[in-house]
Protein chains: 2
Amino acid sequence: MPRLPAEARRAALVEAALRVMSRDGLAAGTTRAIVAEAGMSLASFHYAFASRDELLRELVHRVVGHELSAATADLPPGAGPADCLRAAAAGYLDHLEREPGAEQLMFELAMHSLRDPALRPVARQQYRAYTAAATRLLEQVAAATGTAWRRPVPDLARLLVTLIDGATTTWLVDRDTAATRTVLDAAVELFVAQHAELPAG
Amino acid sequence: MPRLPAEARRAALVEAALRVMSRDGLAAGTTRAIVAEAGMSLASFHYAFASRDELLRELVHRVVGHELSAATADLPPGAGPADCLRAAAAGYLDHLEREPGAEQLMFELAMHSLRDPALRPVARQQYRAYTAAATRLLEQVAAATGTAWRRPVPDLARLLVTLIDGATTTWLVDRDTAATRTVLDAAVELFVAQHAELPAG
DNA sequence: ACACGAGTGGGTCAAGCGTCCCAGTCCCTT
DNA sequence: AAGGGACTGGGACGCTTGACCCACTCGTGT
């Protein structure tokens, strides 16, 4: 209970909320559970945030920003495009295994946002961030390997997001990493064999 | 408020719960909201079900059973395997557009089940049902077109579930039917060109 | 026709929720 | 050093939740 400027307190509360909700689910993220995790009193919560919804909005913004920059940081050293994509997939799978709760929370957050008209734009933005990351990855791969994509990159980016999304939900259910890896590898092969590699001209 | 045998009341409550939760989300399915939707008193609820969790379990079982039989009923008249798969995808997309809430509820239910150790097997069963449906579809397509699949059918089935799952979540967020159709069509093409059509021997 | 048990309704309970208030305390400025 | 504003803590309010109890009513088997 040291004294904290409001801005730092907001950040601490968001992080605490993220921990609680990743561990026990979105619904478990009550104001009391959050302040207990952060080691504060209940009043500090509403001193830093006008409402629980405001914290939720800030939380989503922060996480989406973080995910976007994380996806951007993936720079495969690059041999062929297949290796690049496979490396990216493996990297994501590692992250998923390391923090399944966080990734599950993202889904719960998206589903929750969809039900609330006021929060719907937040969900949209979340997926726009995913698509942006996918687009960047595809462009990096093309640039790094001197190839171009046969289909429009936006279409491929959406396909990639779809695959990652589906792979995540199915993995969350059965935790079968080997099977998920197989699916992603097959998807990469599809991607490359069918859609990539027209020498850039 | 006519008199109803307990079994019929259970069914009516499950249907009412399904309506409420499809419309307003899993969290909105309180005992009071459900009995209001069913036009009963609160006591009738706990006469038919020992607890809200018991209703939830029965609801999931019923829906999974329904989805499994629905997916089985898909019999494409069949020209090539691509047409079969495309027809199946289009059929699912129609269903999704007709009842987005129900499909979103399935996700919410799965995510909720994953958090509760007692309900985790239910989520597993839900996805086993999906995989079974996908397997059946792939086998039907192979049989109807006289071809075989190059990769193990279980792998392909999981890939199919992954694709449908991902397509559903992305569509739920942006409701962009055209883009989702494009993704699914591309996926079908991938599926067929790369993985199908080895004449059955 | 009559009793018995299945089914019903309303009122109630304790717990947990988000939110709010206010008296107190610390730090920073001047 | 003294004032004022930023920050804290505990307690409380009003509401909703799942669960429950008990007095009642109706259909049915005898």
# chains A, B, ... in the order shown; residues from 1 in each chain; ligands from 1
>>> closest_atom_pairs(of="chain A", to="chain D", cutoff="12 Å", atoms="only C-alpha atoms (C1' of nucleotides)", output="tab-separated table")
residue	atom	partner	partner_atom	distance
A:Met1	CA	D:DT8	C1'	8.2
A:Pro2	CA	D:DT8	C1'	9.3
A:Arg3	CA	D:DC7	C1'	6.8
A:Leu4	CA	D:DC7	C1'	7.6
A:Pro5	CA	D:DC7	C1'	7.9
A:Ala6	CA	D:DC7	C1'	8.4
A:Arg9	CA	D:DC7	C1'	10.7
A:Met40	CA	D:DT8	C1'	9.1
A:Ser41	CA	D:DG9	C1'	6.6
A:Leu42	CA	D:DG9	C1'	8.5
A:Ala43	CA	D:DG9	C1'	7.5
A:Ser44	CA	D:DT8	C1'	7.1
A:Phe45	CA	D:DT8	C1'	10.8
A:His46	CA	D:DT8	C1'	11.7
A:Tyr47	CA	D:DC7	C1'	8.6
A:Ala48	CA	D:DC7	C1'	10.2
>>> write_last_selection(atoms="C-alpha atoms", output="PDB file, in the first residue's frame")
ATOM      1  CA  MET A   1       0.000   0.000   0.000  1.00  0.00           C
ATOM      2  CA  PRO A   2       2.654   2.541  -0.895  1.00  0.00           C
ATOM      3  CA  ARG A   3       1.430   5.730  -2.461  1.00  0.00           C
ATOM      4  CA  LEU A   4       1.064   5.511  -6.186  1.00  0.00           C
ATOM      5  CA  PRO A   5       0.164   8.060  -8.830  1.00  0.00           C
ATOM      6  CA  ALA A   6      -3.175   7.264 -10.415  1.00  0.00           C
ATOM      7  CA  ARG A   9      -2.245   2.392 -10.181  1.00  0.00           C
ATOM      8  CA  MET A  40      -5.105  -2.688  -2.691  1.00  0.00           C
ATOM      9  CA  SER A  41      -8.315  -1.607  -1.089  1.00  0.00           C
ATOM     10  CA  LEU A  42     -11.578  -1.524  -2.959  1.00  0.00           C
ATOM     11  CA  ALA A  43     -11.719   2.248  -2.934  1.00  0.00           C
ATOM     12  CA  SER A  44      -8.457   2.510  -4.864  1.00  0.00           C
ATOM     13  CA  PHE A  45     -10.162   0.766  -7.733  1.00  0.00           C
ATOM     14  CA  HIS A  46     -12.780   3.420  -8.238  1.00  0.00           C
ATOM     15  CA  TYR A  47     -10.271   6.111  -7.615  1.00  0.00           C
ATOM     16  CA  ALA A  48      -8.291   4.899 -10.617  1.00  0.00           C
TER      17      ALA A  48
END
>>> interface_residues(of="chain A", to="chain B", cutoff="9 Å", atoms="only C-alpha atoms", output="PDB file with C-alpha atoms, in the first residue's frame")
ATOM      1  CA  ARG A  23      -6.065 -17.894 -14.149  1.00  0.00           C
ATOM      2  CA  ASP A  24      -9.762 -18.148 -13.326  1.00  0.00           C
ATOM      3  CA  GLY A  25     -11.684 -16.750 -16.254  1.00  0.00           C
ATOM      4  CA  ALA A  27     -16.208 -13.883 -14.891  1.00  0.00           C
ATOM      5  CA  GLN A 104      -8.401 -18.249 -23.597  1.00  0.00           C
ATOM      6  CA  LEU A 105      -9.125 -14.944 -21.932  1.00  0.00           C
ATOM      7  CA  PHE A 107     -11.608 -15.378 -26.604  1.00  0.00           C
ATOM      8  CA  GLU A 108     -13.770 -14.804 -23.595  1.00  0.00           C
ATOM      9  CA  ALA A 110     -14.066 -11.105 -27.595  1.00  0.00           C
ATOM     10  CA  MET A 111     -17.243 -13.117 -26.987  1.00  0.00           C
ATOM     11  CA  HIS A 112     -18.203 -10.835 -24.147  1.00  0.00           C
ATOM     12  CA  LEU A 114     -19.742  -9.043 -29.013  1.00  0.00           C
ATOM     13  CA  ARG A 115     -22.746  -9.204 -26.696  1.00  0.00           C
ATOM     14  CA  ARG A 120     -18.432  -4.369 -30.015  1.00  0.00           C
ATOM     15  CA  ALA A 123     -13.766  -6.774 -30.436  1.00  0.00           C
ATOM     16  CA  ARG A 124     -13.562  -5.513 -33.999  1.00  0.00           C
ATOM     17  CA  TYR A 127      -9.405  -8.818 -34.739  1.00  0.00           C
ATOM     18  CA  ASP A 155      -7.607 -12.898 -48.284  1.00  0.00           C
ATOM     19  CA  LEU A 156      -4.590 -14.880 -47.177  1.00  0.00           C
ATOM     20  CA  ARG A 158      -7.870 -13.641 -43.086  1.00  0.00           C
ATOM     21  CA  LEU A 159      -7.235 -17.298 -43.809  1.00  0.00           C
ATOM     22  CA  VAL A 161      -6.179 -15.576 -38.725  1.00  0.00           C
ATOM     23  CA  THR A 162      -8.898 -18.161 -39.203  1.00  0.00           C
ATOM     24  CA  LEU A 163      -6.382 -20.982 -38.920  1.00  0.00           C
ATOM     25  CA  ILE A 164      -4.681 -19.593 -35.825  1.00  0.00           C
ATOM     26  CA  ASP A 165      -8.019 -18.900 -34.211  1.00  0.00           C
ATOM     27  CA  GLY A 166      -9.333 -22.371 -34.903  1.00  0.00           C
ATOM     28  CA  ALA A 167      -6.092 -24.031 -33.890  1.00  0.00           C
ATOM     29  CA  THR A 168      -6.188 -22.138 -30.609  1.00  0.00           C
ATOM     30  CA  THR A 169      -9.726 -23.109 -29.663  1.00  0.00           C
ATOM     31  CA  THR A 170      -9.267 -26.759 -30.553  1.00  0.00           C
ATOM     32  CA  LEU A 172      -7.520 -25.222 -25.638  1.00  0.00           C
ATOM     33  CA  VAL A 173     -10.087 -27.989 -25.525  1.00  0.00           C
ATOM     34  CA  ASP A 174      -7.919 -31.089 -25.865  1.00  0.00           C
ATOM     35  CA  ALA A 179      -2.177 -32.861 -33.385  1.00  0.00           C
ATOM     36  CA  THR A 180      -2.292 -29.076 -33.508  1.00  0.00           C
ATOM     37  CA  THR A 182       0.283 -31.434 -37.518  1.00  0.00           C
ATOM     38  CA  VAL A 183      -2.667 -29.280 -38.504  1.00  0.00           C
ATOM     39  CA  LEU A 184      -0.561 -26.135 -38.650  1.00  0.00           C
ATOM     40  CA  ALA A 186      -0.363 -29.133 -43.110  1.00  0.00           C
ATOM     41  CA  ALA A 187      -1.826 -25.656 -43.336  1.00  0.00           C
ATOM     42  CA  GLU A 189       2.222 -26.687 -46.750  1.00  0.00           C
ATOM     43  CA  LEU A 190      -1.118 -25.783 -48.285  1.00  0.00           C
ATOM     44  CA  PHE A 191      -0.296 -22.153 -48.042  1.00  0.00           C
ATOM     45  CA  ALA A 193       2.434 -25.076 -52.335  1.00  0.00           C
ATOM     46  CA  GLN A 194      -0.802 -23.666 -53.536  1.00  0.00           C
ATOM     47  CA  HIS A 195      -0.587 -19.987 -52.956  1.00  0.00           C
TER      48      HIS A 195
END
>>> closest_atom_pairs(of="chain A", to="chain C", cutoff="8 Å", atoms="only C-alpha atoms (C1' of nucleotides)", output="tab-separated table")
residue	atom	partner	partner_atom	distance
A:Thr30	CA	C:DC17	C1'	7.9
A:Thr31	CA	C:DG18	C1'	7.6
A:Arg52	CA	C:DG18	C1'	7.8
>>> atom_distance(atom1="atom CA of A:Thr145", atom2="atom CA of A:Asp94")
24.3 Å
>>> residues_around(residues="stretch 135-137 of chain A", least_positions_apart="3", cutoff="7 Å", atoms="only C-alpha atoms (C1' of nucleotides)", output="VMD selection string")
chain A and resid 131 to 132 140 to 141 153 to 154 157
>>> write_last_selection(atoms="N, CA and C atoms", output="JSON list (two decimals), in the first residue's frame")
[["chain", "number", "residue", "atom", "x", "y", "z"],
["A", 131, "THR", "N", -5.42, -9.36, -37.82],
["A", 131, "THR", "CA", -5.28, -9.35, -39.28],
["A", 131, "THR", "C", -4.07, -8.54, -39.70],
["A", 132, "ALA", "N", -3.86, -7.42, -39.01],
["A", 132, "ALA", "CA", -2.70, -6.59, -39.34],
["A", 132, "ALA", "C", -1.41, -7.38, -39.12],
["A", 140, "GLN", "N", 6.34, -9.88, -44.86],
["A", 140, "GLN", "CA", 7.74, -10.13, -44.49],
["A", 140, "GLN", "C", 8.26, -11.39, -45.17],
["A", 141, "VAL", "N", 7.44, -12.44, -45.14],
["A", 141, "VAL", "CA", 7.86, -13.69, -45.74],
["A", 141, "VAL", "C", 8.10, -13.51, -47.23],
["A", 153, "VAL", "N", -3.30, -10.61, -50.68],
["A", 153, "VAL", "CA", -2.79, -10.76, -49.31],
["A", 153, "VAL", "C", -3.89, -10.62, -48.26],
["A", 154, "PRO", "N", -4.84, -9.68, -48.40],
["A", 154, "PRO", "CA", -5.91, -9.61, -47.39],
["A", 154, "PRO", "C", -6.66, -10.94, -47.24],
["A", 157, "ALA", "N", -4.41, -13.25, -45.40],
["A", 157, "ALA", "CA", -4.28, -12.86, -43.99],
["A", 157, "ALA", "C", -5.50, -13.33, -43.20]]
>>> atom_distance(atom1="atom CA of B:Glu58", atom2="atom CA of B:Leu109")
12.2 Å
>>> select_by_dssp(residues="stretch 5-163 of chain A", states="helix (DSSP H, G or I)", output="JSON, numbers by chain")
{"A": [6, 7, 8, 9, 10, 11, 12, 13, 14, 15, 16, 17, 18, 19, 20, 21, 22, 23, 24, 26, 27, 28, 31, 32, 33, 34, 35, 36, 37, 38, 42, 43, 44, 45, 46, 47, 48, 52, 53, 54, 55, 56, 57, 58, 59, 60, 61, 62, 63, 64, 65, 66, 67, 68, 69, 70, 71, 72, 73, 81, 82, 83, 84, 85, 86, 87, 88, 89, 90, 91, 92, 93, 94, 95, 96, 97, 98, 100, 101, 102, 103, 104, 105, 106, 107, 108, 109, 110, 111, 112, 113, 114, 115, 120, 121, 122, 123, 124, 125, 126, 127, 128, 129, 130, 131, 132, 133, 134, 135, 136, 137, 138, 139, 140, 141, 142, 143, 144, 145, 153, 154, 155, 156, 157, 158, 159, 160, 161, 162, 163]}
>>> decode(residues="stretch 4-22 of chain A", atoms="N, CA and C atoms", output="CSV table (one decimal), in the first residue's frame")
chain,number,residue,atom,x,y,z
A,4,LEU,N,0.8,5.7,-4.8
A,4,LEU,CA,1.1,5.5,-6.2
A,4,LEU,C,0.3,6.6,-7.0
A,5,PRO,N,0.9,7.2,-8.0
A,5,PRO,CA,0.2,8.1,-8.8
A,5,PRO,C,-0.9,7.3,-9.6
A,6,ALA,N,-2.0,7.9,-9.9
A,6,ALA,CA,-3.2,7.3,-10.4
A,6,ALA,C,-2.8,6.5,-11.7
A,7,GLU,N,-1.9,7.0,-12.5
A,7,GLU,CA,-1.6,6.3,-13.7
A,7,GLU,C,-0.9,5.0,-13.5
A,8,ALA,N,0.0,5.0,-12.5
A,8,ALA,CA,0.7,3.7,-12.2
A,8,ALA,C,-0.3,2.7,-11.6
A,9,ARG,N,-1.2,3.3,-10.8
A,9,ARG,CA,-2.2,2.4,-10.2
A,9,ARG,C,-3.1,1.7,-11.2
A,10,ARG,N,-3.5,2.5,-12.2
A,10,ARG,CA,-4.3,2.0,-13.3
A,10,ARG,C,-3.5,0.8,-13.9
A,11,ALA,N,-2.2,1.0,-14.2
A,11,ALA,CA,-1.4,-0.1,-14.8
A,11,ALA,C,-1.4,-1.3,-13.9
A,12,ALA,N,-1.2,-1.1,-12.6
A,12,ALA,CA,-1.1,-2.2,-11.7
A,12,ALA,C,-2.4,-3.0,-11.7
A,13,LEU,N,-3.5,-2.2,-11.7
A,13,LEU,CA,-4.8,-2.9,-11.7
A,13,LEU,C,-5.0,-3.7,-12.9
A,14,VAL,N,-4.7,-3.1,-14.0
A,14,VAL,CA,-4.8,-3.9,-15.3
A,14,VAL,C,-4.0,-5.2,-15.3
A,15,GLU,N,-2.8,-5.1,-14.8
A,15,GLU,CA,-2.0,-6.3,-14.8
A,15,GLU,C,-2.5,-7.3,-13.8
A,16,ALA,N,-3.0,-6.8,-12.7
A,16,ALA,CA,-3.6,-7.8,-11.7
A,16,ALA,C,-4.9,-8.4,-12.3
A,17,ALA,N,-5.7,-7.6,-13.0
A,17,ALA,CA,-6.9,-8.1,-13.6
A,17,ALA,C,-6.5,-9.2,-14.6
A,18,LEU,N,-5.5,-8.9,-15.4
A,18,LEU,CA,-5.0,-9.9,-16.4
A,18,LEU,C,-4.6,-11.2,-15.7
A,19,ARG,N,-3.9,-11.1,-14.6
A,19,ARG,CA,-3.5,-12.3,-13.9
A,19,ARG,C,-4.7,-13.1,-13.4
A,20,VAL,N,-5.6,-12.4,-12.7
A,20,VAL,CA,-6.8,-13.1,-12.2
A,20,VAL,C,-7.6,-13.7,-13.3
A,21,MET,N,-7.9,-13.0,-14.3
A,21,MET,CA,-8.8,-13.5,-15.4
A,21,MET,C,-8.1,-14.6,-16.2
A,22,SER,N,-6.8,-14.5,-16.4
A,22,SER,CA,-6.1,-15.5,-17.1
A,22,SER,C,-6.2,-16.8,-16.3
